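Have a look at the structure below, then the notes.
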Amino acid sequence: MGAIFIPFMHKDRQQALNGDHLVDCKAAYMIEQPELTVEKLTEQIRTLNRAQLKDLAINARGAAKLDADTRVANEIIELTK
């Protein structure tokens with residue numbers, strides 16, 4: 001499933017920076033708040049088709065760190081040694 005991120009505009013752009021990774025991986029789209037209009041969001045949704053949504057999902061899966069929990073746990077264990 002694809003995503004369209006509309007990050008809250010805060011001075012440090014943290015939400016946008018978090019979403020940039022998935023946008024760069026072609027796993028999501030982003031419309032920043034200053035650019036957001038009903039028309040722009042409607043058009044973005046209308047242009048999506050089944051093939052694009054499938055590609056977004058495949059790309060999201062490829063961007064995922066499926067073993068992140070294990071990796072974080074191992075790093076914590078290493079830090080406690």
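Naming scheme: A, B, ... for chains in displayed order of the structure tokens; residues 1 onward per chain; ligands 1 onward as shown.
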### Task
Could you pull out the residues in chain A that DSSP calls alpha helix (DSSP H) from the backbone, as a ChimeraX atom specification?
/A:14-24,38-47,50-63,68-79
### Task
Tell me which protein, DNA and RNA residues are within 9 Å of stretch 29-45 of chain A, counting only C-alpha atoms, leaving out same-chain ones fewer than 4 positions away, and put them as a PyMOL selection string.
chain A and resi 2-9+16+19-20+22-23+49
Let's have the selection written as a PDB file, in the first residue's frame, with C-alpha atoms.
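What follows is the written file result-v2.pdb:
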ATOM      1  CA  GLY A   2       1.293   3.428  -0.865  1.00  0.00           C
ATOM      2  CA  ALA A   3       1.379   6.511   1.282  1.00  0.00           C
ATOM      3  CA  ILE A   4       0.995  10.218   0.748  1.00  0.00           C
ATOM      4  CA  PHE A   5       2.715  12.044   3.578  1.00  0.00           C
ATOM      5  CA  ILE A   6       1.609  15.531   4.561  1.00  0.00           C
ATOM      6  CA  PRO A   7       4.125  16.433   7.244  1.00  0.00           C
ATOM      7  CA  PHE A   8       3.380  19.004   9.911  1.00  0.00           C
ATOM      8  CA  MET A   9       5.491  22.064   9.208  1.00  0.00           C
ATOM      9  CA  ALA A  16       9.376  15.689   6.429  1.00  0.00           C
ATOM     10  CA  GLY A  19       9.319  10.735   5.275  1.00  0.00           C
ATOM     11  CA  ASP A  20      12.084  11.666   2.838  1.00  0.00           C
ATOM     12  CA  LEU A  22      10.471   6.480   1.829  1.00  0.00           C
ATOM     13  CA  VAL A  23       9.952   9.126  -0.844  1.00  0.00           C
ATOM     14  CA  ASN A  49      -3.567   3.126 -10.094  1.00  0.00           C
TER      15      ASN A  49
END
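Straight-line separation from atom CA of A:Ala28 to atom CA of A:Arg61: 11.5 Å.
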### Task
Between atom CA of A:Glu75 and atom CA of A:Ala57, measure the distance and give it in Å to one decimal.
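Spanning atom CA of A:Glu75 to atom CA of A:Ala57 is a straight-line distance of 28.9 Å.
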### strand (DSSP E or B) residues, from DSSP on the backbone, in chain A, as a list in words
Ile4, Phe5, Tyr29 and Met30 of chain A
### Task
Kindly give the distance, in Å, that separates atom CA of A:Gln52 and atom CA of A:Leu66, rounded to a single decimal.
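Distance between the two atoms: 22.7 Å.
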### All residues 12 Å or closer to A:Gly62, only C-alpha atoms, same chain fewer than 6 positions away omitted, as a list in words
His21, Leu22, Cys25, Lys26, Ala27, Asp55 and Leu56 of chain A
